[in-house]
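**Student:** For reference, the structure I am asking about is given below.
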Amino acid sequence: MAKEKKAKANTLSNDYGASMDRIVSLCKRRGFVYPSSEIYGGLSATWDYGPLGVELKKNIQEAWWKDMVRRHDNIVGIDAAIMMHPRTWEASGHVENFTDPLVDCKKCKTRFREDHLDEKALADKVCPECGGELTEPRQFNLMFTTHMGPVEDSGSVIYLRPETAQGIFVNFKNVVDTSRVQIPFGIAQVGKAFRNEITTKNFIFRTCEFEQMEMQYFVKPGNEDEAFDDWKSKRMAWYIDRLGISPQRLRFTEHGPDELAHYAKVAFDIEYEYPFGWQELEGVHSRTDYDLRRHGEFSGKEINYLDPADNSRFVPYVIETSSGLTRSVLVTLMDAYHEEKIGVDKKGNDDIRTVLHFHPDIAPVMVAVLPLVKKDGLAELAKKIEKDLREDFSTFYDQGGAIGRRYRRMDEIGTPFCVTVDYDSKEDETVTMRFRDSMEQIRIPIDGLAERIRREIRSYKRV
Ligand code: GAP
């Protein structure tokens, strides 16, 4: 980033305890995330993405797809149907095992996941909300069911997929037969998944409808440990380098023997330090040959791989990287959110700006173009500059209000660069480029503006 006129902002507060509510409020106010079906009072645990939220989500998804699929010549993508043959979920073990222990409060009727209760509530069997008596736990399957066809009987039950992974496993043979992949290779997929979660607080952290970005990496049995270590470190680096997440707020946690999913040999979570504590952001799992073997057994069509290198035939082992897209949106927002003291106002009060320090690659708006005033041809020149920049960047044009206020509006939605057109621009064909993080301003020629922005994005380092 350029050095001119450095005006480094102080970090006033990134106290998550105080700011979680503010993030929810900013998301609503600026069009990132709205409560779903709000005009009917909302539907718990479902959220809608507004104009800025959908751009942020798409940018994260595209960064993932580019890095996982386009930049690996041995990883291909698919897009499988959400509704799958019901036998899929018997084979995968979800019908039998995808359950959470549910307890109810006999007094206030609130429902809890038993494994989410604190030690005291667990020991005393009392409700953490009202102190009422809790019921004995019962297993509750998280899969949503619906019916396919006109008759709603047991024969027409199908499930909304609770993970995207199974769409990959059932297509393993199709992909091997129709593309040139050879082991080791990966199949990636991004899409919606659905879970009838018992507890769904914390905004978009745990919702009933969410999106996953999953990749299944198929290896020769015996090579899974090396591939596991490799993907584990690659995935951690991705959040830091690509999404710009603070490394000190990320860590690995290994699943203990009693926490392992029914398919896993080893599993690590990449965890983030949310305002409500360390929790999962992505799972990296060593899934053995469990899924391919089971689909072979349940479908009656054995699934295996003929290795052209040595003519051996085997059922591949699988390393899975399973990231939550919507959860990544939350982490990106929370990690980027800062309130910073940047001076003192006329009344002697602290002047505080709210800023989202998004990595420029994923910012919903990369460049805002602002005429200093609307008149004297400045708006026309600014509109032309914005139109030219649109080819390469997501842009926004804003001509309303004092320039300082417009900068603040852009800071609040995380726009890394503002370009201001003033009277000198007409004379000498230069504009002011203003940097979100440092708030520095430099004068640069209009010609070459796009190249300069590209350079700034390439060399971006978060403050
Ligand atoms: N295929 C493996 C699998 O689904 P998981 O740990 O259950 O593993 C992977 O889920 C990721 O999906 C989680 O790390 C999280 O980011 C996201 N995820 C899971 N349940 C979610 C929910 N109810 N709401 C939002 N994201 C969720």
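FYI, nothing fancy with the structure tokens labels: chains A, B, ... in order, residues from 1 per chain, ligands from 1 as they appear.
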Can you build me a table of chain A residues sitting at most 8 Å from ligand 1, with the closest atom pair per residue and its distance in Å to one decimal, using only C-alpha atoms and all ligand atoms, sorted by chain and residue number, as a Markdown table?

**Tutor:**
| residue | atom | partner | partner_atom_place_in_ligand_line | distance |
| --- | --- | --- | --- | --- |
| A:Pro162 | CA | ligand 1 | 4 (O) | 7.0 |
| A:Glu163 | CA | ligand 1 | 4 (O) | 4.7 |
| A:Thr164 | CA | ligand 1 | 1 (N) | 6.5 |
| A:Ala165 | CA | ligand 1 | 1 (N) | 5.1 |
| A:Gln166 | CA | ligand 1 | 1 (N) | 7.8 |
| A:Phe194 | CA | ligand 1 | 23 (N) | 7.2 |
| A:Arg195 | CA | ligand 1 | 23 (N) | 5.8 |
| A:Asn196 | CA | ligand 1 | 23 (N) | 7.8 |
| A:Glu197 | CA | ligand 1 | 23 (N) | 6.1 |
| A:Thr200 | CA | ligand 1 | 23 (N) | 7.5 |
| A:Ile204 | CA | ligand 1 | 25 (C) | 6.6 |
| A:Phe205 | CA | ligand 1 | 25 (C) | 5.3 |
| A:Arg206 | CA | ligand 1 | 24 (N) | 3.5 |
| A:Thr207 | CA | ligand 1 | 24 (N) | 4.0 |
| A:Cys208 | CA | ligand 1 | 23 (N) | 5.3 |
| A:Glu209 | CA | ligand 1 | 24 (N) | 6.7 |
| A:Phe210 | CA | ligand 1 | 25 (C) | 5.0 |
| A:Glu211 | CA | ligand 1 | 26 (N) | 6.7 |
| A:Gln212 | CA | ligand 1 | 12 (O) | 5.5 |
| A:Met213 | CA | ligand 1 | 12 (O) | 7.9 |
| A:Glu214 | CA | ligand 1 | 1 (N) | 6.9 |
| A:Asp269 | CA | ligand 1 | 14 (O) | 7.1 |
| A:Ile270 | CA | ligand 1 | 14 (O) | 7.7 |
| A:Glu280 | CA | ligand 1 | 14 (O) | 5.2 |
| A:Leu281 | CA | ligand 1 | 16 (O) | 4.3 |
| A:Glu282 | CA | ligand 1 | 14 (O) | 3.5 |
| A:Gly283 | CA | ligand 1 | 14 (O) | 4.9 |
| A:His285 | CA | ligand 1 | 2 (C) | 7.6 |
| A:Glu320 | CA | ligand 1 | 1 (N) | 7.2 |
| A:Thr321 | CA | ligand 1 | 2 (C) | 7.7 |
| A:Ser322 | CA | ligand 1 | 9 (C) | 4.7 |
| A:Ser323 | CA | ligand 1 | 11 (C) | 4.7 |
| A:Gly324 | CA | ligand 1 | 16 (O) | 3.2 |
| A:Leu325 | CA | ligand 1 | 16 (O) | 6.7 |
| A:Thr326 | CA | ligand 1 | 25 (C) | 6.2 |
| A:Arg327 | CA | ligand 1 | 16 (O) | 5.2 |
| A:Ser328 | CA | ligand 1 | 16 (O) | 7.0 |

**Student:** Write a file of the just-selected residues containing N, CA, C and O atoms, as a compact mmCIF listing (two decimals), in the first residue's frame.

**Tutor:**
# COMPACT_ATOMS: atom_id res chain seq x y z
N PRO A 162 -28.41 -33.45 4.23
CA PRO A 162 -27.82 -32.76 5.38
C PRO A 162 -26.35 -32.43 5.17
O PRO A 162 -25.73 -31.78 6.01
N GLU A 163 -25.76 -32.91 4.07
CA GLU A 163 -24.39 -32.55 3.69
C GLU A 163 -24.30 -32.72 2.17
O GLU A 163 -25.04 -33.52 1.59
N THR A 164 -23.40 -31.98 1.55
CA THR A 164 -23.28 -32.10 0.09
C THR A 164 -22.43 -33.31 -0.30
O THR A 164 -22.47 -33.76 -1.44
N ALA A 165 -21.67 -33.84 0.67
CA ALA A 165 -20.68 -34.88 0.37
C ALA A 165 -21.26 -36.10 -0.35
O ALA A 165 -20.62 -36.65 -1.25
N GLN A 166 -22.47 -36.52 0.04
CA GLN A 166 -22.99 -37.77 -0.55
C GLN A 166 -23.26 -37.64 -2.04
O GLN A 166 -23.17 -38.64 -2.77
N PHE A 194 -29.33 -29.00 4.68
CA PHE A 194 -30.43 -28.72 5.61
C PHE A 194 -30.32 -29.61 6.84
O PHE A 194 -30.10 -30.81 6.71
N ARG A 195 -30.46 -29.00 7.99
CA ARG A 195 -30.46 -29.79 9.24
C ARG A 195 -31.50 -29.21 10.18
O ARG A 195 -31.53 -27.99 10.39
N ASN A 196 -32.29 -30.08 10.74
CA ASN A 196 -33.33 -29.64 11.67
C ASN A 196 -32.68 -29.44 13.05
O ASN A 196 -32.87 -30.24 13.95
N GLU A 197 -31.90 -28.37 13.16
CA GLU A 197 -31.11 -28.13 14.37
C GLU A 197 -32.01 -27.83 15.57
O GLU A 197 -33.01 -27.13 15.44
N THR A 200 -30.52 -23.03 17.63
CA THR A 200 -30.12 -22.27 16.45
C THR A 200 -29.89 -20.81 16.77
O THR A 200 -30.27 -19.94 16.00
N ILE A 204 -26.24 -16.27 11.99
CA ILE A 204 -26.15 -17.26 10.91
C ILE A 204 -25.16 -18.38 11.23
O ILE A 204 -24.78 -19.15 10.34
N PHE A 205 -24.75 -18.50 12.50
CA PHE A 205 -23.76 -19.54 12.84
C PHE A 205 -24.33 -20.95 12.63
O PHE A 205 -23.73 -21.77 11.95
N ARG A 206 -25.46 -21.21 13.24
CA ARG A 206 -26.08 -22.53 13.08
C ARG A 206 -27.52 -22.34 12.64
O ARG A 206 -28.35 -21.85 13.41
N THR A 207 -27.80 -22.70 11.41
CA THR A 207 -29.13 -22.47 10.85
C THR A 207 -29.66 -23.79 10.29
O THR A 207 -28.90 -24.74 10.12
N CYS A 208 -30.93 -23.80 9.99
CA CYS A 208 -31.50 -25.04 9.46
C CYS A 208 -31.20 -25.21 7.98
O CYS A 208 -31.13 -26.31 7.47
N GLU A 209 -31.05 -24.09 7.28
CA GLU A 209 -30.70 -24.12 5.86
C GLU A 209 -29.39 -23.36 5.74
O GLU A 209 -29.29 -22.23 6.20
N PHE A 210 -28.39 -23.98 5.16
CA PHE A 210 -27.08 -23.33 5.07
C PHE A 210 -26.36 -23.84 3.84
O PHE A 210 -26.89 -24.68 3.10
N GLU A 211 -25.17 -23.30 3.58
CA GLU A 211 -24.42 -23.75 2.41
C GLU A 211 -23.07 -24.29 2.82
O GLU A 211 -22.44 -23.78 3.75
N GLN A 212 -22.65 -25.33 2.12
CA GLN A 212 -21.34 -25.94 2.38
C GLN A 212 -20.46 -25.85 1.14
O GLN A 212 -20.96 -25.80 0.01
N MET A 213 -19.15 -25.85 1.37
CA MET A 213 -18.17 -25.95 0.28
C MET A 213 -17.34 -27.18 0.63
O MET A 213 -16.54 -27.13 1.57
N GLU A 214 -17.59 -28.28 -0.05
CA GLU A 214 -16.94 -29.53 0.34
C GLU A 214 -16.09 -30.09 -0.79
O GLU A 214 -16.42 -29.95 -1.97
N ASP A 269 -11.19 -30.07 13.58
CA ASP A 269 -11.96 -28.88 13.23
C ASP A 269 -11.02 -27.70 13.11
O ASP A 269 -10.09 -27.57 13.92
N ILE A 270 -11.24 -26.87 12.11
CA ILE A 270 -10.63 -25.54 12.13
C ILE A 270 -11.64 -24.69 12.89
O ILE A 270 -12.80 -24.58 12.49
N GLU A 280 -16.53 -24.49 15.66
CA GLU A 280 -16.11 -24.98 14.33
C GLU A 280 -16.40 -24.00 13.19
O GLU A 280 -17.43 -23.33 13.18
N LEU A 281 -15.45 -23.97 12.26
CA LEU A 281 -15.66 -23.25 11.00
C LEU A 281 -15.60 -24.24 9.84
O LEU A 281 -16.37 -24.14 8.88
N GLU A 282 -14.68 -25.19 9.93
CA GLU A 282 -14.53 -26.21 8.89
C GLU A 282 -14.10 -27.52 9.54
O GLU A 282 -13.36 -27.52 10.53
N GLY A 283 -14.52 -28.63 8.95
CA GLY A 283 -14.05 -29.93 9.41
C GLY A 283 -13.14 -30.55 8.35
O GLY A 283 -13.45 -30.49 7.16
N HIS A 285 -11.67 -34.21 7.55
CA HIS A 285 -11.96 -35.56 8.03
C HIS A 285 -11.26 -36.62 7.19
O HIS A 285 -11.22 -36.50 5.97
N GLU A 320 -11.69 -35.49 3.45
CA GLU A 320 -12.74 -34.51 3.18
C GLU A 320 -12.39 -33.16 3.80
O GLU A 320 -11.97 -33.11 4.96
N THR A 321 -12.56 -32.09 3.02
CA THR A 321 -12.50 -30.75 3.61
C THR A 321 -13.91 -30.18 3.51
O THR A 321 -14.46 -30.07 2.43
N SER A 322 -14.50 -29.85 4.65
CA SER A 322 -15.91 -29.48 4.68
C SER A 322 -16.09 -28.12 5.35
O SER A 322 -16.07 -28.01 6.58
N SER A 323 -16.23 -27.11 4.52
CA SER A 323 -16.34 -25.74 5.04
C SER A 323 -17.78 -25.26 4.96
O SER A 323 -18.49 -25.57 4.01
N GLY A 324 -18.20 -24.47 5.94
CA GLY A 324 -19.51 -23.84 5.87
C GLY A 324 -19.37 -22.51 5.14
O GLY A 324 -18.60 -21.65 5.58
N LEU A 325 -20.10 -22.38 4.04
CA LEU A 325 -20.02 -21.10 3.30
C LEU A 325 -20.69 -19.99 4.10
O LEU A 325 -20.13 -18.91 4.29
N THR A 326 -21.89 -20.28 4.60
CA THR A 326 -22.59 -19.23 5.34
C THR A 326 -21.87 -18.94 6.66
O THR A 326 -21.82 -17.81 7.12
N ARG A 327 -21.25 -19.98 7.23
CA ARG A 327 -20.47 -19.74 8.46
C ARG A 327 -19.21 -18.94 8.13
O ARG A 327 -18.76 -18.12 8.93
N SER A 328 -18.65 -19.14 6.96
CA SER A 328 -17.48 -18.33 6.55
C SER A 328 -17.87 -16.87 6.37
O SER A 328 -17.07 -15.97 6.62

**Student:** Leaving out A:Leu134 and any residue of its chain fewer than 6 positions from it, which residues lie within 8 Å of it when counting only C-alpha atoms, given as an MDAnalysis selection string?

**Tutor:** chainID A and resid 103:106 125:127

**Student:** Just N, CA, C and O atoms for this one: save the residues we selected as an mmCIF file, in the first residue's frame.

**Tutor:**
data_model
loop_
_atom_site.group_PDB
_atom_site.id
_atom_site.type_symbol
_atom_site.label_atom_id
_atom_site.label_comp_id
_atom_site.auth_asym_id
_atom_site.auth_seq_id
_atom_site.Cartn_x
_atom_site.Cartn_y
_atom_site.Cartn_z
ATOM 1 N N VAL A 103 -33.381 -32.748 24.893
ATOM 2 C CA VAL A 103 -34.101 -32.725 26.171
ATOM 3 C C VAL A 103 -35.058 -31.526 26.177
ATOM 4 O O VAL A 103 -34.766 -30.499 25.566
ATOM 5 N N ASP A 104 -36.182 -31.689 26.874
ATOM 6 C CA ASP A 104 -37.173 -30.603 26.981
ATOM 7 C C ASP A 104 -37.265 -30.155 28.426
ATOM 8 O O ASP A 104 -37.120 -30.975 29.344
ATOM 9 N N CYS A 105 -37.560 -28.880 28.624
ATOM 10 C CA CYS A 105 -37.869 -28.411 29.974
ATOM 11 C C CYS A 105 -39.364 -28.647 30.208
ATOM 12 O O CYS A 105 -40.200 -28.193 29.416
ATOM 13 N N LYS A 106 -39.669 -29.359 31.287
ATOM 14 C CA LYS A 106 -41.077 -29.683 31.541
ATOM 15 C C LYS A 106 -41.871 -28.431 31.903
ATOM 16 O O LYS A 106 -43.079 -28.382 31.732
ATOM 17 N N LYS A 125 -29.908 -31.802 36.061
ATOM 18 C CA LYS A 125 -31.051 -32.033 35.152
ATOM 19 C C LYS A 125 -32.095 -30.928 35.277
ATOM 20 O O LYS A 125 -33.305 -31.191 35.396
ATOM 21 N N VAL A 126 -31.570 -29.681 35.341
ATOM 22 C CA VAL A 126 -32.505 -28.546 35.412
ATOM 23 C C VAL A 126 -32.285 -27.613 34.241
ATOM 24 O O VAL A 126 -31.195 -27.499 33.703
ATOM 25 N N CYS A 127 -33.361 -26.952 33.875
ATOM 26 C CA CYS A 127 -33.356 -26.050 32.723
ATOM 27 C C CYS A 127 -32.482 -24.827 33.003
ATOM 28 O O CYS A 127 -32.673 -24.160 34.034
#

**Student:** Would you mind telling me which residue in A:Val419, A:Met334, A:Ala382, A:Val355 lies nearest to A:Ala368 when using only C-alpha atoms?

**Tutor:**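 Distance minimum relative to A:Ala368 lands on A:Val419.
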
**Student:** Separation of atom CA of A:Asp422 and atom CA of A:Arg408, in Å?

**Tutor:**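 It comes out at 18.4 Å.
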
**Student:** Using DSSP secondary structure from the backbone, list all helix (DSSP H, G or I) positions within stretch 171-255 of chain A, as a ChimeraX atom specification.

**Tutor:** /A:172-178,224-241,247-249

**Student:** Considering only C-alpha atoms, state which residue in the set A:Pro275, A:Met439, A:Val367, A:Thr199 is at the smallest distance from A:Ser44.

**Tutor:**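 Going through A:Pro275, A:Met439, A:Val367, A:Thr199 one by one, the smallest distance to A:Ser44 is for A:Thr199.
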
**Student:** Excluding A:Gly222 and its own-chain neighbours fewer than 5 positions away, which residues fall within 10 Å of it when counting only C-alpha atoms? Please give them as a list in words.

**Tutor:**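 My list of contacting residues is Ala227, Thr288, Pro316 and Tyr317 of chain A.
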
**Student:** What would the file look like if the residues just selected were written as a short mmCIF file (atom, residue, chain, number, x, y, z; two decimals), in the first residue's frame with N, CA and C atoms?

**Tutor:**
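Below is the file selection-v9.cif, written as the result:
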data_model
loop_
_atom_site.label_atom_id
_atom_site.label_comp_id
_atom_site.auth_asym_id
_atom_site.auth_seq_id
_atom_site.Cartn_x
_atom_site.Cartn_y
_atom_site.Cartn_z
N ALA A 227 -2.01 -37.20 2.90
CA ALA A 227 -2.97 -36.29 2.25
C ALA A 227 -3.74 -35.50 3.32
N THR A 288 -11.89 -42.69 5.52
CA THR A 288 -11.58 -44.07 5.08
C THR A 288 -12.31 -44.40 3.76
N PRO A 316 -11.00 -46.52 -2.99
CA PRO A 316 -10.17 -45.41 -2.51
C PRO A 316 -10.54 -44.96 -1.09
N TYR A 317 -9.56 -44.42 -0.41
CA TYR A 317 -9.77 -43.74 0.87
C TYR A 317 -10.04 -42.27 0.59
#

**Student:** Mind checking DSSP for stretch 133-292 of chain A and telling me the strand (DSSP E or B) residues as an NGL selection string?

**Tutor:** :A and (133-134 or 138-141 or 145-147 or 157-160 or 185-194 or 209-219 or 250-254 or 266-274 or 277-288)

**Student:** To one decimal place, how far is atom CA of A:Leu449 from atom CA of A:Val373 in Å?

**Tutor:** 20.6 Å

**Student:** Do you have the atom CA of A:Phe435-atom CA of A:Leu381 distance handy?

**Tutor:**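 That distance, rounded to one decimal, is 20.8 Å.
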
**Student:** Please list as a list in words every residue within 12 Å of A:Val54, counting only C-alpha atoms and excluding residues in the same chain fewer than 6 positions away.

**Tutor:**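 My list of contacting residues is Cys27, Gly31, Phe32, Val33, Tyr34, Trp47, Asp48, Ile60, Gln61, Glu62, Leu325, Thr326, Val329, Ile362, Ala363, Pro364 and Val365 of chain A.
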
**Student:** Just the selected residues (N, CA and C atoms), exported as a tab-separated table (two decimals), in the first residue's frame, please.

**Tutor:**
chain	number	residue	atom	x	y	z
A	27	CYS	N	-25.64	-5.64	9.69
A	27	CYS	CA	-26.04	-6.52	8.58
A	27	CYS	C	-27.45	-6.17	8.09
A	31	GLY	N	-27.90	-4.04	4.54
A	31	GLY	CA	-28.33	-4.98	3.49
A	31	GLY	C	-27.41	-6.18	3.30
A	32	PHE	N	-26.80	-6.67	4.39
A	32	PHE	CA	-26.05	-7.92	4.27
A	32	PHE	C	-26.98	-9.12	4.52
A	33	VAL	N	-27.63	-9.11	5.68
A	33	VAL	CA	-28.48	-10.25	6.06
A	33	VAL	C	-29.75	-9.75	6.74
A	34	TYR	N	-30.89	-10.29	6.32
A	34	TYR	CA	-32.18	-9.95	6.93
A	34	TYR	C	-32.80	-11.20	7.57
A	47	TRP	N	-32.38	-17.13	7.47
A	47	TRP	CA	-31.97	-15.76	7.17
A	47	TRP	C	-31.90	-15.57	5.67
A	48	ASP	N	-32.11	-14.33	5.24
A	48	ASP	CA	-32.00	-14.01	3.82
A	48	ASP	C	-30.80	-13.09	3.61
A	60	ILE	N	-16.78	-15.18	-1.61
A	60	ILE	CA	-16.11	-16.22	-0.82
A	60	ILE	C	-16.19	-17.56	-1.57
A	61	GLN	N	-17.39	-17.82	-2.08
A	61	GLN	CA	-17.58	-19.07	-2.83
A	61	GLN	C	-16.67	-19.13	-4.06
A	62	GLU	N	-16.59	-18.00	-4.77
A	62	GLU	CA	-15.74	-17.98	-5.98
A	62	GLU	C	-14.27	-18.13	-5.64
A	325	LEU	N	-20.10	-22.38	4.04
A	325	LEU	CA	-20.02	-21.10	3.30
A	325	LEU	C	-20.69	-19.99	4.10
A	326	THR	N	-21.89	-20.28	4.60
A	326	THR	CA	-22.59	-19.23	5.34
A	326	THR	C	-21.87	-18.94	6.66
A	329	VAL	N	-19.11	-16.64	5.91
A	329	VAL	CA	-19.59	-15.26	5.79
A	329	VAL	C	-19.60	-14.61	7.18
A	362	ILE	N	-12.62	-10.04	-1.69
A	362	ILE	CA	-13.96	-10.55	-1.35
A	362	ILE	C	-14.92	-9.44	-0.92
A	363	ALA	N	-14.45	-8.19	-0.92
A	363	ALA	CA	-15.33	-7.08	-0.50
A	363	ALA	C	-16.52	-6.98	-1.47
A	364	PRO	N	-17.74	-6.81	-0.96
A	364	PRO	CA	-18.90	-6.71	-1.85
A	364	PRO	C	-18.77	-5.57	-2.84
A	365	VAL	N	-18.24	-4.44	-2.39
A	365	VAL	CA	-17.93	-3.34	-3.30
A	365	VAL	C	-16.42	-3.12	-3.22

**Student:** Of the candidates A:Ser425, A:Ser36, A:Asn304, A:Thr146, which shows the shortest atom-to-atom distance to A:Val219, using only C-alpha atoms?

**Tutor:** A:Asn304

**Student:** Give me, as a PyMOL selection string, all polymer residues having an atom no more than 8 Å from A:Val369, counting only C-alpha atoms and skipping those fewer than 2 positions away in the same chain.

**Tutor:** chain A and resi 367+371+382-383+385-386+395-398+418-421

**Student:** Please write the residues from the selection above to a file, keeping N, CA and C atoms, as a tab-separated table (two decimals), in the first residue's frame.

**Tutor:**
chain	number	residue	atom	x	y	z
A	367	VAL	N	-14.63	-0.86	-5.36
A	367	VAL	CA	-14.29	0.54	-5.62
A	367	VAL	C	-15.56	1.39	-5.64
A	371	PRO	N	-18.25	11.73	-7.09
A	371	PRO	CA	-17.95	13.10	-7.51
A	371	PRO	C	-18.01	14.01	-6.28
A	382	ALA	N	-17.40	11.29	-13.26
A	382	ALA	CA	-17.34	10.19	-12.28
A	382	ALA	C	-18.09	8.96	-12.79
A	383	LYS	N	-19.25	9.19	-13.42
A	383	LYS	CA	-20.04	8.06	-13.94
A	383	LYS	C	-19.26	7.32	-15.03
A	385	ILE	N	-15.98	7.17	-15.30
A	385	ILE	CA	-14.88	6.40	-14.66
A	385	ILE	C	-15.44	5.12	-14.03
A	386	GLU	N	-16.59	5.25	-13.39
A	386	GLU	CA	-17.19	4.08	-12.73
A	386	GLU	C	-17.56	3.01	-13.75
A	395	THR	N	-18.27	-2.21	-8.45
A	395	THR	CA	-18.18	-0.77	-8.20
A	395	THR	C	-19.49	-0.23	-7.63
A	396	PHE	N	-19.40	0.99	-7.15
A	396	PHE	CA	-20.58	1.66	-6.61
A	396	PHE	C	-20.41	3.14	-6.88
A	397	TYR	N	-21.49	3.78	-7.31
A	397	TYR	CA	-21.44	5.22	-7.58
A	397	TYR	C	-22.33	5.93	-6.56
A	398	ASP	N	-21.78	6.97	-5.92
A	398	ASP	CA	-22.57	7.67	-4.91
A	398	ASP	C	-22.28	9.16	-4.98
A	418	CYS	N	-11.84	4.22	-2.48
A	418	CYS	CA	-12.76	5.23	-3.00
A	418	CYS	C	-11.99	6.09	-3.99
A	419	VAL	N	-12.66	6.46	-5.07
A	419	VAL	CA	-12.05	7.33	-6.08
A	419	VAL	C	-12.90	8.59	-6.12
A	420	THR	N	-12.30	9.73	-5.84
A	420	THR	CA	-13.06	10.98	-5.80
A	420	THR	C	-12.67	11.87	-6.96
A	421	VAL	N	-13.73	12.35	-7.63
A	421	VAL	CA	-13.54	13.21	-8.80
A	421	VAL	C	-13.83	14.64	-8.38

**Student:** Could you give me, as a PyMOL selection string, the residues within 12 Å of A:Arg180, counting only C-alpha atoms and dropping anything in the same chain fewer than 6 positions from it?

**Tutor:** chain A and resi 73-76+173-174+186+308

**Student:** Excluding A:Tyr274 and its own-chain neighbours fewer than 3 positions away, which residues fall within 8 Å of it when counting only C-alpha atoms? Please give them as a list in words.

**Tutor:**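 In the requested format, the answer is Tyr16, Gly277, Trp278, Gln279, Val331 and Met334 of chain A.
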
**Student:** Restricting the output to N, CA and C atoms, write the selected residues as a JSON list (two decimals), in the first residue's frame.

**Tutor:**
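As a result, result-v3.json now contains:
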[["chain", "number", "residue", "atom", "x", "y", "z"],
["A", 16, "TYR", "N", -15.93, -8.46, 21.09],
["A", 16, "TYR", "CA", -17.03, -9.19, 20.46],
["A", 16, "TYR", "C", -18.27, -9.23, 21.33],
["A", 277, "GLY", "N", -17.31, -17.91, 21.97],
["A", 277, "GLY", "CA", -16.30, -18.95, 22.26],
["A", 277, "GLY", "C", -15.77, -19.62, 21.00],
["A", 278, "TRP", "N", -14.80, -20.54, 21.21],
["A", 278, "TRP", "CA", -14.20, -21.26, 20.08],
["A", 278, "TRP", "C", -15.19, -22.28, 19.54],
["A", 279, "GLN", "N", -15.46, -22.20, 18.25],
["A", 279, "GLN", "CA", -16.40, -23.15, 17.64],
["A", 279, "GLN", "C", -15.93, -23.44, 16.21],
["A", 331, "VAL", "N", -17.86, -15.45, 9.88],
["A", 331, "VAL", "CA", -16.50, -15.27, 10.39],
["A", 331, "VAL", "C", -15.84, -14.07, 9.69],
["A", 334, "MET", "N", -17.31, -10.92, 11.15],
["A", 334, "MET", "CA", -16.92, -10.65, 12.54],
["A", 334, "MET", "C", -15.46, -10.26, 12.64]]

**Student:** Given the choices A:Ile303, A:Val463, A:Val318, A:Leu330, which gets closest to A:Asp177 if the distance is worked out from only C-alpha atoms?

**Tutor:**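 Using only C-alpha atoms, the shortest distance to A:Asp177 belongs to A:Ile303.
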
**Student:** Looking at A:Phe393, A:Tyr272, A:Tyr407, A:Phe140, which one is nearest to A:Met433, with distances taken over only C-alpha atoms?

**Tutor:**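 Closest candidate: A:Tyr407.
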